[in-house]
Amino acid sequence: MLTSTLIAGAFGCADSGKSGSNGYKPYSYQYSDVSAGLNPSQEKKEAVVNEYEGFLRDLSALPVSFSFEGKEYKGFNDSFKEIGRETRDEGEKIATDIVLKKGALEVRIDMAVYPNYCAYEWTVYFTNTGSDRIGPLEGVNSADISFGGKDPYIFANAGDYQLDPVTKAESVRYNPYTVDLAEQPVFEQIQPTGRSSEGGFPYYNLQYGDGGVILAIGWPGSWFSRFDASADAVRFTAGQAHLNTYIDPGETVRLPLMAFVYYEGRDIDASMNLWRHWFIDCNMPRINGQLIKPMTSATSATYINLARTTEKEEVNVLNKYLKNDIPLDSYWLDAGWYFKTGTESVSEWLETGNWKVDIGRFPTEFQAISDITAAHGMDFIVWFEPELVRISNSCLDPDGMKPEWILGEDGTWRIANLGEPGLVDWVFERLSSIIEKGGVTVYRQDYGTGNPLGNWLANDSADRVGMTENKYVQGYLELWDRLLERFPNMFIDTCASGGGRLDLETLRRSVPLHKTDYDYGDVDTKQSMHQALFQWIPYFGTVTTIGRLDFTSYFLRSSYCCFLADGNDTRYSKFDWSALRRAFDEFHSIKDYYYCDYYPLTEWNYGLTEWRGWEFVDPGTQSGFIQLFCPEKCKTLTYVAKLSGLKPDAVYLLTDADGNLTCSKSGRELMESGLTVSVPESRTSVFITFKKEG
């Protein structure tokens with residue numbers, strides 16, 4: 001049921017029909033259900049909207065702090081004169097753009113609220129509109145906000161990195177961790193490399209009092225976060241990790257996007273599903289208004305020499321899958337398809353920088369492959385890495401990248417400085433010509449440098465710390481926005497040696513089809529990564545294997561997620577096409593549930609001794625599936641799985657894909673007593689679908 005409520009701001013408004021001197025005018029918000037069983041209360045929605053409207057009404061209350069020209073600011077006081085304000089209804093998002101002026105400094109604040117999701121966000125820009133250098137701008141907190149309530153806890157994850165952020169012990173990638181802020185009042189992180197989701201993960205779930213907030217830092221570079229609970233409330237500050245700079249005429253400094261999703265109660269699963277709904281409904285990229293479909297794929301990149309592969313060989317691999325009736329949704333051509341220089345082929349795939357198709361090995365410039373994928377209604381994925389230069393200046397083509405656009409010492413792995421407008425233009429045109437001619441429908445951008453931050457900081461002068469990174473990030477986002485505008489039916493796959501760049505700004509423009517470079521064949525570790533990552537990022541992918549030829553259901557089912565790519569060696573005489581076909585058919589039968597609600601069925605763990613599993617359920621249709629895995633060294637062959645998200649009085653038909661179980665049980669029994677699952681031996685998987693009867 002849809003209702004409409006007029007919110008007059010956190011401080012009230014005597015006449016809601018008139019704008020204040022700062023352009024403030026309350027907005028008439030509409031509210032509707034987010035999802036059955038997860039919808040926040042009307043009271044909570046209105047409280048969050050009221051808080052947000054309070055920021056709009058009084059910009060000095062906006063939780064942003066900084067120092068400019070030696071003076072400290074918290075929010076934007078009356079010395080910043082408002083010169084423009086516009087509010088737009090964008091469906092679930094109500095956006096407001098505000099422009100302020102203080103001398104030569106212009107401030108733009110892009111704000112938005114999501115009334116049905118208890119969420120709001122902002123991004124701040126500082127621009128020098130004068131003819132002289134201004135500043136310095138320093139001590140910048142893109143968020144400086146406090147949350148009051150008892151027993152504050154942080155629930156977060158490690159990202160694509162193998163050290164626990166709290167204990168610093170060796171762990172598995174994306175491992176979850178908790179911080180009890182009563183025991184450890186201060187917890188802070190600084191992203192150490194410039195790749196936003198390694199050495200830290202820019203998402204936090206902060207519980208306090210009788211609810212909490214999920215925090216996201218949208219910054220594709222080096223960020224910092226700090227939680228300080230040493231006083232009566234938890235003060236959260238975050239922003240670009242290294243920023244202390246003067247601003248030259250015409251320059252803009254962009255601060256990280258800060259997003260907040262509030263929730264009621266201290267149920268982790270419920271809060272994470274509200275986050276998933278907001279992430280899916282309000283953030284994920286779409287094509288013609290539709291979410292990117294979960295899909296299957298195949299690639300030869302796991303076993304063929306990338307510097308030697310040819311168009312003919314890739315066509316041969318693709319046709320093997322089609323001949324064996326494997327239900328592919330896409331085909332993936334990885335690295336190595338380009339010339340090193342003019343007409344010289346690469347000796348290894350790492351020789352990147354010129355970005356011209358090697359027509360000796362790919363004479364049709366991919367059309368021979370894309371003609372096949374198009375004829376079968378498939379996507380065609382091609383790998384690019386325009387930010388990395390691994391050839392010397394002497395190898396750069398005359399019409400190619402200019403040495404002055406490159407950061408780093410000649411002869412080393414260097415990065416193309418996307419803060420240079422001329423470079424962004426050149427990369428955009430070069431990539432567009434390849435995409436258009438080659439029939440590419442999925443643009444895969446890798447970022448295989450371990451420390452871009454080092455290059456950025458080395459390029460900064462002492463009075464311009466952080467400017468190289470800041471302009472680089474702006475150029476990176478501009479490049480992707482231009483590509484998506486040029487190719488509206490294409491989507492972007494983000495890769496940074498796997499999952500190294502998964503911040504919110506990046507994921508509003510892309511999905512990670514390749515969440516990690518960690519061994520694809522280690523399926524037990526893969527299960528652990530999936531169990532953790534499903535809570536935060538609904539759409540991610542994996543490859544079935546590298547080097548290990550294993551067609552058991554335990555092995556193949558361990559790779560089920562939104563993007564499932566086969567990496568088995570098609571030259572192998574014992575390739576089990578029927579087993580792969582069964583797995584891909586099974587995946588297709590449940591793939592749409594990955595956009596539904598997610599519940600872990602076991603405590604998170606990694607290794608070979610404990611059961612792992614999860615449930616996906618569509619709250620509307622009351623149907624879904626569960627997966628359980630009994631690893632190789634697990635001594636307990638029976639597990640009781642308590643389901644979630646069901647209707648207690650409804651009856652559900654459960655069907656085991658392996659024919660070991662078909663039964664009907666009430667929702668109450670499945671949620672309270674649980675479903676008892678037994679396997680005959682360890683290293684066995686369980687795959688069960690369920691649906692409400694009647």
# chains A, B, ... in the order shown; residues from 1 in each chain; ligands from 1
>>> residues_around(residues="Arg173 in chain A", least_positions_apart="3", cutoff="10 Å", atoms="only C-alpha atoms", output="PyMOL selection string")
chain A and resi 157-164+170+176+198+499+515-516+518+525-526+528-530+532-533
>>> write_last_selection(atoms="C-alpha atoms", output="PDB file, in the first residue's frame")
ATOM      1  CA  ASN A 157      35.025  -8.060   6.202  1.00  0.00           C
ATOM      2  CA  ALA A 158      38.649  -8.179   5.132  1.00  0.00           C
ATOM      3  CA  GLY A 159      38.223  -7.729   1.403  1.00  0.00           C
ATOM      4  CA  ASP A 160      40.373  -9.491  -1.167  1.00  0.00           C
ATOM      5  CA  TYR A 161      43.243  -9.786   1.282  1.00  0.00           C
ATOM      6  CA  GLN A 162      44.549 -12.609   3.462  1.00  0.00           C
ATOM      7  CA  LEU A 163      45.169 -10.891   6.801  1.00  0.00           C
ATOM      8  CA  ASP A 164      42.535 -10.457   9.475  1.00  0.00           C
ATOM      9  CA  GLU A 170      46.684 -15.187   8.157  1.00  0.00           C
ATOM     10  CA  PRO A 176      34.361 -11.514   8.414  1.00  0.00           C
ATOM     11  CA  GLU A 198      42.408  -4.931  -0.470  1.00  0.00           C
ATOM     12  CA  GLY A 499      38.550  -8.120  -6.149  1.00  0.00           C
ATOM     13  CA  LYS A 515      36.253 -11.545  -7.325  1.00  0.00           C
ATOM     14  CA  THR A 516      39.773 -12.815  -6.574  1.00  0.00           C
ATOM     15  CA  TYR A 518      43.146 -16.749  -5.407  1.00  0.00           C
ATOM     16  CA  THR A 525      38.223 -21.714   0.429  1.00  0.00           C
ATOM     17  CA  LYS A 526      35.974 -20.555  -2.410  1.00  0.00           C
ATOM     18  CA  SER A 528      34.124 -19.511   2.533  1.00  0.00           C
ATOM     19  CA  MET A 529      34.613 -16.475   0.321  1.00  0.00           C
ATOM     20  CA  HIS A 530      31.150 -16.885  -1.181  1.00  0.00           C
ATOM     21  CA  ALA A 532      30.944 -13.967   3.347  1.00  0.00           C
ATOM     22  CA  LEU A 533      30.646 -11.998   0.116  1.00  0.00           C
TER      23      LEU A 533
END
>>> residues_around(residues="range 477-479 of chain A", least_positions_apart="3", cutoff="9 Å", atoms="only C-alpha atoms", output="list of chain:residue names")
A:Pro220, A:Leu418, A:Val424, A:Asp425, A:Val427, A:Phe428, A:Tyr472, A:Val473, A:Gln474, A:Arg482, A:Leu483, A:Leu484, A:Glu505, A:Thr506, A:Arg509
>>> select_by_dssp(residues="range 28-230 of chain A", states="helix (DSSP H, G or I)", output="list in words")
Gln42, Glu43, Lys44, Lys45, Glu46, Ala47, Val48, Val49, Asn50, Glu51, Tyr52, Glu53, Gly54, Phe55, Leu56, Arg57, Leu59, Ser60, Ala61, Pro115, Asn116 and Tyr117 of chain A
>>> write_last_selection(atoms="N, CA and C atoms", output="PDB file, in the first residue's frame")
ATOM      1  N   GLN A  42       7.408   2.393   9.397  1.00  0.00           N
ATOM      2  CA  GLN A  42       7.150   3.747   8.922  1.00  0.00           C
ATOM      3  C   GLN A  42       7.820   4.767   9.843  1.00  0.00           C
ATOM      4  N   GLU A  43       7.812   4.480  11.123  1.00  0.00           N
ATOM      5  CA  GLU A  43       8.438   5.382  12.085  1.00  0.00           C
ATOM      6  C   GLU A  43       9.935   5.538  11.800  1.00  0.00           C
ATOM      7  N   LYS A  44      10.603   4.416  11.488  1.00  0.00           N
ATOM      8  CA  LYS A  44      12.039   4.483  11.208  1.00  0.00           C
ATOM      9  C   LYS A  44      12.305   5.226   9.905  1.00  0.00           C
ATOM     10  N   LYS A  45      11.504   4.961   8.902  1.00  0.00           N
ATOM     11  CA  LYS A  45      11.682   5.657   7.626  1.00  0.00           C
ATOM     12  C   LYS A  45      11.568   7.166   7.820  1.00  0.00           C
ATOM     13  N   GLU A  46      10.558   7.581   8.555  1.00  0.00           N
ATOM     14  CA  GLU A  46      10.345   9.010   8.744  1.00  0.00           C
ATOM     15  C   GLU A  46      11.462   9.625   9.591  1.00  0.00           C
ATOM     16  N   ALA A  47      11.979   8.877  10.560  1.00  0.00           N
ATOM     17  CA  ALA A  47      13.061   9.398  11.392  1.00  0.00           C
ATOM     18  C   ALA A  47      14.316   9.651  10.564  1.00  0.00           C
ATOM     19  N   VAL A  48      14.639   8.701   9.655  1.00  0.00           N
ATOM     20  CA  VAL A  48      15.821   8.863   8.807  1.00  0.00           C
ATOM     21  C   VAL A  48      15.622  10.023   7.833  1.00  0.00           C
ATOM     22  N   VAL A  49      14.435  10.109   7.238  1.00  0.00           N
ATOM     23  CA  VAL A  49      14.155  11.216   6.326  1.00  0.00           C
ATOM     24  C   VAL A  49      14.216  12.549   7.070  1.00  0.00           C
ATOM     25  N   ASN A  50      13.696  12.597   8.283  1.00  0.00           N
ATOM     26  CA  ASN A  50      13.751  13.828   9.068  1.00  0.00           C
ATOM     27  C   ASN A  50      15.195  14.253   9.336  1.00  0.00           C
ATOM     28  N   GLU A  51      16.038  13.282   9.655  1.00  0.00           N
ATOM     29  CA  GLU A  51      17.447  13.613   9.889  1.00  0.00           C
ATOM     30  C   GLU A  51      18.082  14.171   8.618  1.00  0.00           C
ATOM     31  N   TYR A  52      17.815  13.528   7.516  1.00  0.00           N
ATOM     32  CA  TYR A  52      18.355  13.992   6.230  1.00  0.00           C
ATOM     33  C   TYR A  52      17.832  15.387   5.896  1.00  0.00           C
ATOM     34  N   GLU A  53      16.523  15.604   6.076  1.00  0.00           N
ATOM     35  CA  GLU A  53      15.956  16.919   5.800  1.00  0.00           C
ATOM     36  C   GLU A  53      16.565  17.986   6.709  1.00  0.00           C
ATOM     37  N   GLY A  54      16.968  17.578   7.925  1.00  0.00           N
ATOM     38  CA  GLY A  54      17.640  18.514   8.802  1.00  0.00           C
ATOM     39  C   GLY A  54      18.955  18.999   8.215  1.00  0.00           C
ATOM     40  N   PHE A  55      19.671  18.098   7.530  1.00  0.00           N
ATOM     41  CA  PHE A  55      20.915  18.509   6.858  1.00  0.00           C
ATOM     42  C   PHE A  55      20.616  19.496   5.729  1.00  0.00           C
ATOM     43  N   LEU A  56      19.552  19.218   4.966  1.00  0.00           N
ATOM     44  CA  LEU A  56      19.193  20.109   3.869  1.00  0.00           C
ATOM     45  C   LEU A  56      18.797  21.492   4.378  1.00  0.00           C
ATOM     46  N   ARG A  57      18.096  21.499   5.493  1.00  0.00           N
ATOM     47  CA  ARG A  57      17.600  22.763   6.040  1.00  0.00           C
ATOM     48  C   ARG A  57      18.724  23.604   6.635  1.00  0.00           C
ATOM     49  N   LEU A  59      22.758  23.460   6.529  1.00  0.00           N
ATOM     50  CA  LEU A  59      23.974  22.822   6.010  1.00  0.00           C
ATOM     51  C   LEU A  59      25.129  22.856   6.997  1.00  0.00           C
ATOM     52  N   SER A  60      25.022  23.678   8.038  1.00  0.00           N
ATOM     53  CA  SER A  60      26.065  23.644   9.064  1.00  0.00           C
ATOM     54  C   SER A  60      25.980  22.362   9.887  1.00  0.00           C
ATOM     55  N   ALA A  61      24.856  21.634   9.756  1.00  0.00           N
ATOM     56  CA  ALA A  61      24.699  20.356  10.451  1.00  0.00           C
ATOM     57  C   ALA A  61      25.142  19.167   9.605  1.00  0.00           C
ATOM     58  N   PRO A 115      13.862   7.030   0.733  1.00  0.00           N
ATOM     59  CA  PRO A 115      12.909   6.975   1.857  1.00  0.00           C
ATOM     60  C   PRO A 115      12.492   5.569   2.254  1.00  0.00           C
ATOM     61  N   ASN A 116      12.339   4.677   1.279  1.00  0.00           N
ATOM     62  CA  ASN A 116      11.853   3.335   1.594  1.00  0.00           C
ATOM     63  C   ASN A 116      12.932   2.421   2.144  1.00  0.00           C
ATOM     64  N   TYR A 117      14.166   2.862   2.097  1.00  0.00           N
ATOM     65  CA  TYR A 117      15.296   2.019   2.498  1.00  0.00           C
ATOM     66  C   TYR A 117      16.040   2.579   3.706  1.00  0.00           C
TER      67      TYR A 117
END
>>> residues_around(residues="Leu431 in chain A", least_positions_apart="3", cutoff="9 Å", atoms="only C-alpha atoms", output="ChimeraX atom specification")
/A:355,384,386,426-428,434-436,483
>>> write_last_selection(atoms="C-alpha atoms", output="PDB file, in the first residue's frame")
ATOM      1  CA  TRP A 355      46.135  -1.320 -27.179  1.00  0.00           C
ATOM      2  CA  PHE A 384      41.465  -4.716 -21.161  1.00  0.00           C
ATOM      3  CA  PRO A 386      44.348   0.558 -19.992  1.00  0.00           C
ATOM      4  CA  TRP A 426      42.856   8.911 -25.949  1.00  0.00           C
ATOM      5  CA  VAL A 427      41.922   5.804 -23.933  1.00  0.00           C
ATOM      6  CA  PHE A 428      38.216   6.361 -24.550  1.00  0.00           C
ATOM      7  CA  ILE A 434      38.013  -1.927 -30.449  1.00  0.00           C
ATOM      8  CA  ILE A 435      34.705  -2.502 -28.648  1.00  0.00           C
ATOM      9  CA  GLU A 436      32.626  -1.326 -31.592  1.00  0.00           C
ATOM     10  CA  LEU A 483      31.974   4.194 -22.083  1.00  0.00           C
TER      11      LEU A 483
END
>>> closest_residue(among="A:Ile590, A:Ser673, A:Cys395, A:Val389", to="Thr343 in chain A", atoms="only C-alpha atoms")
A:Cys395
>>> select_by_dssp(residues="range 106-318 of chain A", states="strand (DSSP E)", output="PyMOL selection string")
chain A and resi 106-114+119-128+134-141+143-148+153-157+176-180+186-190+203-208+211-218+223-228+233-240+244-247+252-254+257-264+286-287+290-291+295-298
>>> atom_distance(atom1="CA of Val523 in chain A", atom2="CA of Phe380 in chain A")
26.3 Å
>>> residues_around(residues="Ser330 in chain A", least_positions_apart="4", cutoff="7 Å", atoms="only C-alpha atoms", output="list of chain:residue names")
A:Thr296, A:Ser297, A:Met378, A:Asp379, A:Phe380
>>> residues_around(residues="range 578-583 of chain A", least_positions_apart="4", cutoff="12 Å", atoms="only C-alpha atoms", output="PyMOL selection string")
chain A and resi 296-298+321-328+544+549-560+564-568+570+574+587-591+657-658+687
>>> residues_around(residues="range 684-686 of chain A", least_positions_apart="4", cutoff="6 Å", atoms="only C-alpha atoms", output="number ranges by chain")
A: 554, 627-630
>>> residues_around(residues="Tyr598 in chain A", least_positions_apart="4", cutoff="9 Å", atoms="only C-alpha atoms", output="VMD selection string")
chain A and resid 269 272 to 273 276 534 to 535 593 to 594 614 to 617 644 to 645
>>> write_last_selection(atoms="C-alpha atoms", output="compact mmCIF listing (two decimals), in the first residue's frame")
# COMPACT_ATOMS: atom_id res chain seq x y z
CA ASP A 269 20.79 -11.24 8.64
CA MET A 272 22.29 -7.30 5.60
CA ASN A 273 19.21 -8.14 3.56
CA ARG A 276 21.15 -6.08 -0.30
CA PHE A 534 27.00 -12.89 -0.62
CA GLN A 535 26.01 -10.60 2.27
CA TYR A 593 17.38 -16.19 -6.63
CA TYR A 594 20.77 -14.47 -6.32
CA TRP A 614 23.46 -20.88 2.77
CA GLU A 615 19.91 -20.20 1.70
CA PHE A 616 18.42 -17.87 -0.90
CA VAL A 617 14.70 -17.15 -0.72
CA SER A 644 14.85 -18.22 7.49
CA GLY A 645 12.48 -15.89 5.67
>>> closest_residue(among="A:Ala241, A:Met401, A:Met258, A:Ala216", to="Leu62 in chain A", atoms="only C-alpha atoms")
A:Met258
>>> closest_residue(among="A:Ser510, A:Thr441, A:Gln191, A:Thr302", to="Ile537 in chain A", atoms="only C-alpha atoms")
A:Ser510
>>> atom_distance(atom1="CA of Met111 in chain A", atom2="CA of Ile98 in chain A")
8.0 Å
>>> closest_residue(among="A:Tyr443, A:Tyr153, A:Phe540, A:Phe126", to="Tyr595 in chain A", atoms="only C-alpha atoms")
A:Phe540
